[in-house]
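So the structure is just underneath, and the comments pick up after that.
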Amino acid sequence: MKSMDNRPDPDELLKHVQAEEPVRGRLKIFLGYAAGVGKTYAMLEAAHQRRKQGVEVVVGYVETHGRLETEAFLSGLEILPRRQVDYHGVHLPELDVDAVLDRRPALVLVDELAHTNTPGSRHPKRYLDVEEILDAGIDVYTTLNIQHLESLNDAVAQVTGVVVRETVPDRVLDEASEIEVIDLPPDELLARLKEGRVYIPEQAKRAIQKFFRKGNLSALREMSLRRAAERVDDQMRAYMRTRAIPGPWPAGERLLVCISPSPLAEKLVRTTRRLADGLNAEWIAVYVEVASKPELNPANRERIGKTLQLAEELGARTRTLTGRSIPEAVLAYARKHNVTKIVIGKPVRPRWREWIGGSLVDQLIYASGDIDVYVISAQVEPKQPAVPEEWRPHRPLGRYLLGIGLVALATLLGMFIRGNLEPANLVMLYLASTVIAAIFLGRGPSLLVSVLGVLTFDFFLIPPYMTMAVNDTQYLVTFSGLFVVSLVVSTLTARVREQAEAAIQREAHTSALYTLGRDLTSATNLQQVTEIIISHISQVFGREVAIFLPENGQLRVFASTPDYHPDTNELGVAAWAFDHGQPAGLGTDTLPAASLRCQPLKTAGGLIGVLGIRPKEPGRLLTPEQRQTFDSFAHQAALAVERASLAEQARQAELLQATEKLQTSLLNSISHDLRTPLVSITGALSSLREKTLMLDQEARDSLIETADEEAGRLNRLVGNLLNMTRIEAGAIHLKMEPCDIQDAVGAALDQMGDRLAKRQVKVSLPPDLSMVTLDIALFEQVLVNLLDNAVKYSPPDTEIGIDVTQTLRTVQIAISDCGIGIPAEDLERVFDKFYRVQRPESVSGTGLGLAICKGIVEAHGGTVWAANRSGGGTVITISLPKEVAS
Amino acid sequence: MTKVGLRVLVVDDEVAIKRFLRVALNGEGFIVLEAGTGQEALLALTLERPDLVLLDLGLPDMDGVEVARRLREWSQVPVIILSVREQETDKIAALDAGADDYLTKPFGVGELLARIRTVLRRQASGSSEPVFTLGDLKVDLANRLVTADGRDVQLTPTEYDLLRALVIQAGKVLTNHQLLRLVWGEGYDDLHILRVNISNLRHKIEPDPSRPTYIHTESGVGYRLKL
């Protein structure tokens, strides 16, 4: 029995595993085909069941619409308070995501997945709220009507005549762990509607009633059942695939859809998605930028961006291609990427333009080879017509005036020579003006020049002068010739110029990236790296830029353009982007009301910070190309910042290591130097005490002498250490008094005593040496230390010199020896604390003597330095001011 | 045992230390040879063939551990380390390099002389004597018999090997690493198993295992059979 008891409870184990590894929460969608089928009711029923099983269930947001049976069902469940969002003075209740995340239940109920949040909420859509909750590992039950599904949007509009604005991307449904279809025969639903058991908002009563027709309901019901069946089918296929069960798989179909600024593009995208789903194929949405066409106006550009984004949401890969013509670019891309089917919209432009320009569809089909081409027709009227591309003159007025000037010039010249030349030759003047205008001024001015040219030519240069009458019809040919030439030349020139401009822009992006990369490689620290990133990005995008890096667990602005000052709101956006590793703020799905767009800086090593840009004109979005360039910038920036911070860490670690090494060697040195005299003293004393040793008087004297000398050495050492500590602590107090240098030298020599015994010390003093104000005791210590060094570092029988000289303001004392000298590179470092010159022969010392000398001399306002004597040996020179500035 | 005429090589760079060692060792009857650097020491070892080496670790030209390692390549002369370094890692390094004992500076001359005597005695006796006796402990190496306090002690083969290793080099500190290698073989690095066996051994042979008289612990370094 006991062993049974000891067995781990599987539930416990499971809980343990789940606690250790935060997994994404499971999403269950209660899918219905219309309001009133009983989704919320079913959801609550399921919730109660789970609660009975002991699952912690919390109501995040459930709308009962005052229905009693539903309301009764709410009792017994914990209901989280809703967040009141203020919108134009009205308080609107919304799901409080933070409350859910704080509460952390096992399961949360959130009604109406397709709901659009009040502006100012964290996410624009409720399904994004739900995704955040799922990411936090909380299970969610939610409800959804089929007409809110993105890919069915058009179909629903077609069937019911009602355009649904609130949509949910298909991936939400695809990624849901479970789908429960709430089905109710349409007749029953209509009956419930009649009984008033279906909630309908007052203001939409009529529209909704139009919607609730049996035909509509049946169609919607079929759609929802079919969608659910598709999913089951997918799961079955996935299952068969994982079990390697052979089946009739479509062999690697890949679809490509071409989009344009036309509003039909969205429909194209949705159709392709359905097609791709049916074929179980992956798909790509492309937009082709034709180099010879003028640039898109901002509205169309925006629409392209939105369509591409929609495609991404529906699961496509998106690309912007560049090429000389659309079919060429599309087919090149399609062949390269093994695309099997191309989807394209049926052209809507008038027939005559196809005669002139050739049909895109025809060209595509003609050149497509083995790739299938699907042409999708436009049944619905475009809701918003494509904004026509406007003519784009550059500083127009000036150019036109210049054009007029050209005509005037040609006319003046013509009038000057008109008697001498045939009018047919005079027309060359205008031809030249037209060509010049076409090349340099653009199409508009050149057309103006051609028209004006023909008129003035007629008026001034063709007899009869000063009339518009044309005698000779042959000049009509001249007129039309002039006109055609100007048209052709200006069109060609304009095309060349636009191609060049497009190339220049792409080139600018490439080279911007290149220069960023190049400049970043030369940066050595984090500060430089961030400065380079900011200056480049603000240059390329012309916006405020900031880099946020985490510091002590909190995101802070590490560097930014000078005018940028973040508000707490923007910091919040950056923090969200950092926490979730997804872009946030302006132009994204999260907090789009913010003025800042935040891009997380991601590397293989994880998230390292956030890059934020703010448009100079508020609310202006990035174009798709700009977004792509911005993404690449962010990627480069992330790598560079990571590299810099790693380098910084390495430097820190190295520094720390060096410091540790220094400390260890310091400790070793001090312990060695303090212990060594102690070793001799202890050894000598214990020898004397050892009774068994046979020591004669001479040996005893020698031991006592050793102990005595070493005790003196230890004392000096301790004295030095104490002095050093005092100097370091600033606790040195000078007792300044007038003092004779000769006295000080004498006292120091006296103190050296036996250590100098065998040395010859040569002292030279100027006869008229004046008194110097100093602390005699400390100064004596300086001299003793220097003499001690001179003795230690020179051979025993050599001379030591003390030379005192004076100038008007200073006295200099030089102490020299004939020893081995100091290596040139160590001349300054010898005054550092604990620094000792490496000697072949070990000389005891702490490396403190000179440091103490320096401290004392500097306290007197003097200086001390070391030099090597020309004949070998060292000179240490002290320079002291005669008068100490108080 | 006569010490007269035995030659001791003192390797140290401190003049004062060499001076008092010379006086003390002379008083004990040793002939003292001196070296100030590692190179000098290795030279003196080849030329003079001393009977004992007192080696400082902090030499100006090379580390004492390196000197010990090099001389062990061809000589079995006993080496006692004298050093101010008191970290266990330094001791282990020196002992693993082949030193026989380790004395931390400053030390009393009495202690030094005792260590010298131990080392020399072991050198003189070698491992030729089949029966080792220390106090109440008797180890018959020929017949694998151990008696403590007059009664027979039953040891496991591992415990016996451990005791034997300590007995053969009685008085010398054996590092944990050396013991593991001697008893369990190369590549064995489990300190825990060594601790357990030492503890078992002590319970069997020591009168009071918590205050061992025979097997002495050198904290962080190893064990020594105390003579």
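The chains in the structure tokens are called A, B, ... from first to last as shown; in each chain the residues are counted from 1, and the ligands are counted from 1 in the order shown.
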Dump as a PyMOL selection string the residues of chain B that approach chain A to within 12 Å, counting only C-alpha atoms.
chain B and resi 12-30+36-37+56-62+82-87+103-114
May I have all residues of region 136-185 of chain B that DSSP, computed from the backbone, assigns to alpha helix (DSSP H), given as a list in words?
Pro157, Thr158, Glu159, Tyr160, Asp161, Leu162, Leu163, Arg164, Ala165, Leu166, Val167, Ile168, Asn176, His177, Gln178, Leu179, Leu180, Arg181, Leu182, Val183 and Trp184 of chain B
What would the file look like if the residues just selected were written as a PDB file, in the first residue's frame with N, CA and C atoms?
```pdb
ATOM      1  N   PRO B 157      39.329  -4.810   1.501  1.00  0.00           N
ATOM      2  CA  PRO B 157      40.540  -4.646   0.667  1.00  0.00           C
ATOM      3  C   PRO B 157      40.876  -3.179   0.415  1.00  0.00           C
ATOM      4  N   THR B 158      39.851  -2.361   0.179  1.00  0.00           N
ATOM      5  CA  THR B 158      40.110  -0.943  -0.100  1.00  0.00           C
ATOM      6  C   THR B 158      40.712  -0.251   1.122  1.00  0.00           C
ATOM      7  N   GLU B 159      40.128  -0.526   2.272  1.00  0.00           N
ATOM      8  CA  GLU B 159      40.646   0.094   3.498  1.00  0.00           C
ATOM      9  C   GLU B 159      42.090  -0.331   3.751  1.00  0.00           C
ATOM     10  N   TYR B 160      42.373  -1.588   3.479  1.00  0.00           N
ATOM     11  CA  TYR B 160      43.734  -2.065   3.686  1.00  0.00           C
ATOM     12  C   TYR B 160      44.693  -1.358   2.727  1.00  0.00           C
ATOM     13  N   ASP B 161      44.297  -1.253   1.467  1.00  0.00           N
ATOM     14  CA  ASP B 161      45.158  -0.576   0.485  1.00  0.00           C
ATOM     15  C   ASP B 161      45.435   0.858   0.904  1.00  0.00           C
ATOM     16  N   LEU B 162      44.397   1.494   1.448  1.00  0.00           N
ATOM     17  CA  LEU B 162      44.526   2.883   1.889  1.00  0.00           C
ATOM     18  C   LEU B 162      45.534   2.974   3.033  1.00  0.00           C
ATOM     19  N   LEU B 163      45.359   2.097   4.009  1.00  0.00           N
ATOM     20  CA  LEU B 163      46.256   2.102   5.171  1.00  0.00           C
ATOM     21  C   LEU B 163      47.682   1.800   4.719  1.00  0.00           C
ATOM     22  N   ARG B 164      47.809   0.825   3.818  1.00  0.00           N
ATOM     23  CA  ARG B 164      49.118   0.439   3.324  1.00  0.00           C
ATOM     24  C   ARG B 164      49.816   1.623   2.647  1.00  0.00           C
ATOM     25  N   ALA B 165      49.053   2.355   1.828  1.00  0.00           N
ATOM     26  CA  ALA B 165      49.632   3.512   1.141  1.00  0.00           C
ATOM     27  C   ALA B 165      50.167   4.526   2.152  1.00  0.00           C
ATOM     28  N   LEU B 166      49.381   4.743   3.212  1.00  0.00           N
ATOM     29  CA  LEU B 166      49.808   5.701   4.229  1.00  0.00           C
ATOM     30  C   LEU B 166      51.011   5.173   5.005  1.00  0.00           C
ATOM     31  N   VAL B 167      51.013   3.858   5.289  1.00  0.00           N
ATOM     32  CA  VAL B 167      52.093   3.261   6.084  1.00  0.00           C
ATOM     33  C   VAL B 167      53.406   3.292   5.319  1.00  0.00           C
ATOM     34  N   ILE B 168      53.339   2.940   4.045  1.00  0.00           N
ATOM     35  CA  ILE B 168      54.577   2.891   3.257  1.00  0.00           C
ATOM     36  C   ILE B 168      55.251   4.255   3.232  1.00  0.00           C
ATOM     37  N   ASN B 176      45.001  14.178  -1.517  1.00  0.00           N
ATOM     38  CA  ASN B 176      43.808  13.402  -1.852  1.00  0.00           C
ATOM     39  C   ASN B 176      43.976  12.751  -3.214  1.00  0.00           C
ATOM     40  N   HIS B 177      44.521  13.531  -4.130  1.00  0.00           N
ATOM     41  CA  HIS B 177      44.701  13.058  -5.485  1.00  0.00           C
ATOM     42  C   HIS B 177      45.645  11.865  -5.523  1.00  0.00           C
ATOM     43  N   GLN B 178      46.753  11.980  -4.765  1.00  0.00           N
ATOM     44  CA  GLN B 178      47.738  10.887  -4.743  1.00  0.00           C
ATOM     45  C   GLN B 178      47.117   9.628  -4.158  1.00  0.00           C
ATOM     46  N   LEU B 179      46.356   9.785  -3.078  1.00  0.00           N
ATOM     47  CA  LEU B 179      45.733   8.623  -2.437  1.00  0.00           C
ATOM     48  C   LEU B 179      44.750   7.943  -3.381  1.00  0.00           C
ATOM     49  N   LEU B 180      43.953   8.749  -4.039  1.00  0.00           N
ATOM     50  CA  LEU B 180      42.973   8.182  -4.966  1.00  0.00           C
ATOM     51  C   LEU B 180      43.678   7.397  -6.061  1.00  0.00           C
ATOM     52  N   ARG B 181      44.803   7.950  -6.519  1.00  0.00           N
ATOM     53  CA  ARG B 181      45.516   7.294  -7.605  1.00  0.00           C
ATOM     54  C   ARG B 181      46.147   5.989  -7.114  1.00  0.00           C
ATOM     55  N   LEU B 182      46.702   6.038  -5.905  1.00  0.00           N
ATOM     56  CA  LEU B 182      47.380   4.850  -5.378  1.00  0.00           C
ATOM     57  C   LEU B 182      46.400   3.720  -5.096  1.00  0.00           C
ATOM     58  N   VAL B 183      45.227   4.059  -4.553  1.00  0.00           N
ATOM     59  CA  VAL B 183      44.304   3.024  -4.104  1.00  0.00           C
ATOM     60  C   VAL B 183      43.298   2.635  -5.190  1.00  0.00           C
ATOM     61  N   TRP B 184      42.740   3.641  -5.811  1.00  0.00           N
ATOM     62  CA  TRP B 184      41.662   3.347  -6.770  1.00  0.00           C
ATOM     63  C   TRP B 184      42.139   3.326  -8.217  1.00  0.00           C
TER      64      TRP B 184
END
```
Going by DSSP on the backbone, which bits of region 441-558 of chain A are strand (DSSP E or B)? Write them as a PDB file with N, CA and C atoms, in the first residue's frame, please.
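Saved as part-v6.pdb:
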```pdb
ATOM      1  N   GLU A 544      12.226  61.476 -35.767  1.00  0.00           N
ATOM      2  CA  GLU A 544      12.849  61.363 -34.456  1.00  0.00           C
ATOM      3  C   GLU A 544      13.128  59.894 -34.195  1.00  0.00           C
ATOM      4  N   VAL A 545      14.260  59.603 -33.647  1.00  0.00           N
ATOM      5  CA  VAL A 545      14.642  58.220 -33.407  1.00  0.00           C
ATOM      6  C   VAL A 545      15.122  58.066 -31.973  1.00  0.00           C
ATOM      7  N   ALA A 546      14.758  56.954 -31.368  1.00  0.00           N
ATOM      8  CA  ALA A 546      15.251  56.682 -30.016  1.00  0.00           C
ATOM      9  C   ALA A 546      15.566  55.211 -29.900  1.00  0.00           C
ATOM     10  N   ILE A 547      16.597  54.913 -29.109  1.00  0.00           N
ATOM     11  CA  ILE A 547      16.921  53.506 -28.830  1.00  0.00           C
ATOM     12  C   ILE A 547      16.671  53.256 -27.350  1.00  0.00           C
ATOM     13  N   PHE A 548      15.836  52.273 -27.080  1.00  0.00           N
ATOM     14  CA  PHE A 548      15.531  51.926 -25.688  1.00  0.00           C
ATOM     15  C   PHE A 548      16.291  50.655 -25.336  1.00  0.00           C
ATOM     16  N   LEU A 549      17.000  50.697 -24.230  1.00  0.00           N
ATOM     17  CA  LEU A 549      17.690  49.490 -23.776  1.00  0.00           C
ATOM     18  C   LEU A 549      17.268  49.203 -22.341  1.00  0.00           C
ATOM     19  N   PRO A 550      17.187  47.924 -21.976  1.00  0.00           N
ATOM     20  CA  PRO A 550      16.796  47.609 -20.600  1.00  0.00           C
ATOM     21  C   PRO A 550      17.946  47.915 -19.632  1.00  0.00           C
ATOM     22  N   GLU A 551      17.562  48.480 -18.513  1.00  0.00           N
ATOM     23  CA  GLU A 551      18.568  48.805 -17.503  1.00  0.00           C
ATOM     24  C   GLU A 551      17.949  48.446 -16.163  1.00  0.00           C
ATOM     25  N   GLN A 554      14.372  47.574 -16.405  1.00  0.00           N
ATOM     26  CA  GLN A 554      13.411  48.563 -16.897  1.00  0.00           C
ATOM     27  C   GLN A 554      13.944  49.212 -18.171  1.00  0.00           C
ATOM     28  N   LEU A 555      13.020  49.424 -19.104  1.00  0.00           N
ATOM     29  CA  LEU A 555      13.426  49.973 -20.388  1.00  0.00           C
ATOM     30  C   LEU A 555      13.641  51.476 -20.266  1.00  0.00           C
ATOM     31  N   ARG A 556      14.781  51.958 -20.753  1.00  0.00           N
ATOM     32  CA  ARG A 556      15.062  53.384 -20.705  1.00  0.00           C
ATOM     33  C   ARG A 556      15.556  53.864 -22.057  1.00  0.00           C
ATOM     34  N   VAL A 557      15.412  55.151 -22.296  1.00  0.00           N
ATOM     35  CA  VAL A 557      15.973  55.717 -23.523  1.00  0.00           C
ATOM     36  C   VAL A 557      17.475  55.742 -23.342  1.00  0.00           C
ATOM     37  N   PHE A 558      18.176  54.985 -24.155  1.00  0.00           N
ATOM     38  CA  PHE A 558      19.629  54.947 -24.038  1.00  0.00           C
ATOM     39  C   PHE A 558      20.237  56.069 -24.865  1.00  0.00           C
TER      40      PHE A 558
END
```
With only C-alpha atoms as the counted atoms, please give the residues lying no more than 9 Å from Tyr793 (chain A), apart from itself and same-chain residues fewer than 5 positions off, as a PyMOL selection string.
chain A and resi 788+817-821+843+873-874
Output C-alpha atoms for every residue in the selection just made, as a PDB file, in the first residue's frame.
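Okay, this is what ended up in again.pdb:
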```
ATOM      1  CA  ASP A 788      67.805  52.967   1.679  1.00  0.00           C
ATOM      2  CA  ASP A 817      73.854  55.700  -6.796  1.00  0.00           C
ATOM      3  CA  CYS A 818      76.028  53.660  -9.123  1.00  0.00           C
ATOM      4  CA  GLY A 819      73.686  50.706  -9.321  1.00  0.00           C
ATOM      5  CA  ILE A 820      71.870  49.061 -12.162  1.00  0.00           C
ATOM      6  CA  GLY A 821      69.469  51.915 -12.783  1.00  0.00           C
ATOM      7  CA  VAL A 843      65.852  42.667  -3.131  1.00  0.00           C
ATOM      8  CA  GLY A 873      72.886  54.140 -11.726  1.00  0.00           C
ATOM      9  CA  THR A 874      69.852  56.065 -10.640  1.00  0.00           C
TER      10      THR A 874
END
```
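Across B:Leu45, B:Asp190, B:Arg224, B:Asp208, the tightest approach to Arg72 (chain B) is made by B:Leu45 when counting only C-alpha atoms.
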Excluding Glu230 (chain A) and its own-chain neighbours fewer than 4 positions away, which residues fall within 9 Å of it when counting only C-alpha atoms? Please give them as a PDB file with C-alpha atoms, in the first residue's frame.
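Once everything was written out, this is result.pdb:
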```
ATOM      1  CA  LEU A 225     -20.445  24.223 -41.502  1.00  0.00           C
ATOM      2  CA  ARG A 226     -18.194  24.105 -44.521  1.00  0.00           C
ATOM      3  CA  ASP A 234      -6.965  19.818 -42.466  1.00  0.00           C
ATOM      4  CA  GLN A 235      -6.523  18.018 -39.208  1.00  0.00           C
ATOM      5  CA  ASP A 277      -6.780  26.757 -48.825  1.00  0.00           C
ATOM      6  CA  GLY A 278      -8.619  24.494 -51.186  1.00  0.00           C
TER       7      GLY A 278
END
```
CA of Ala229 (chain A) and CA of Ile179 (chain A) are how many Å apart?
10.4 Å
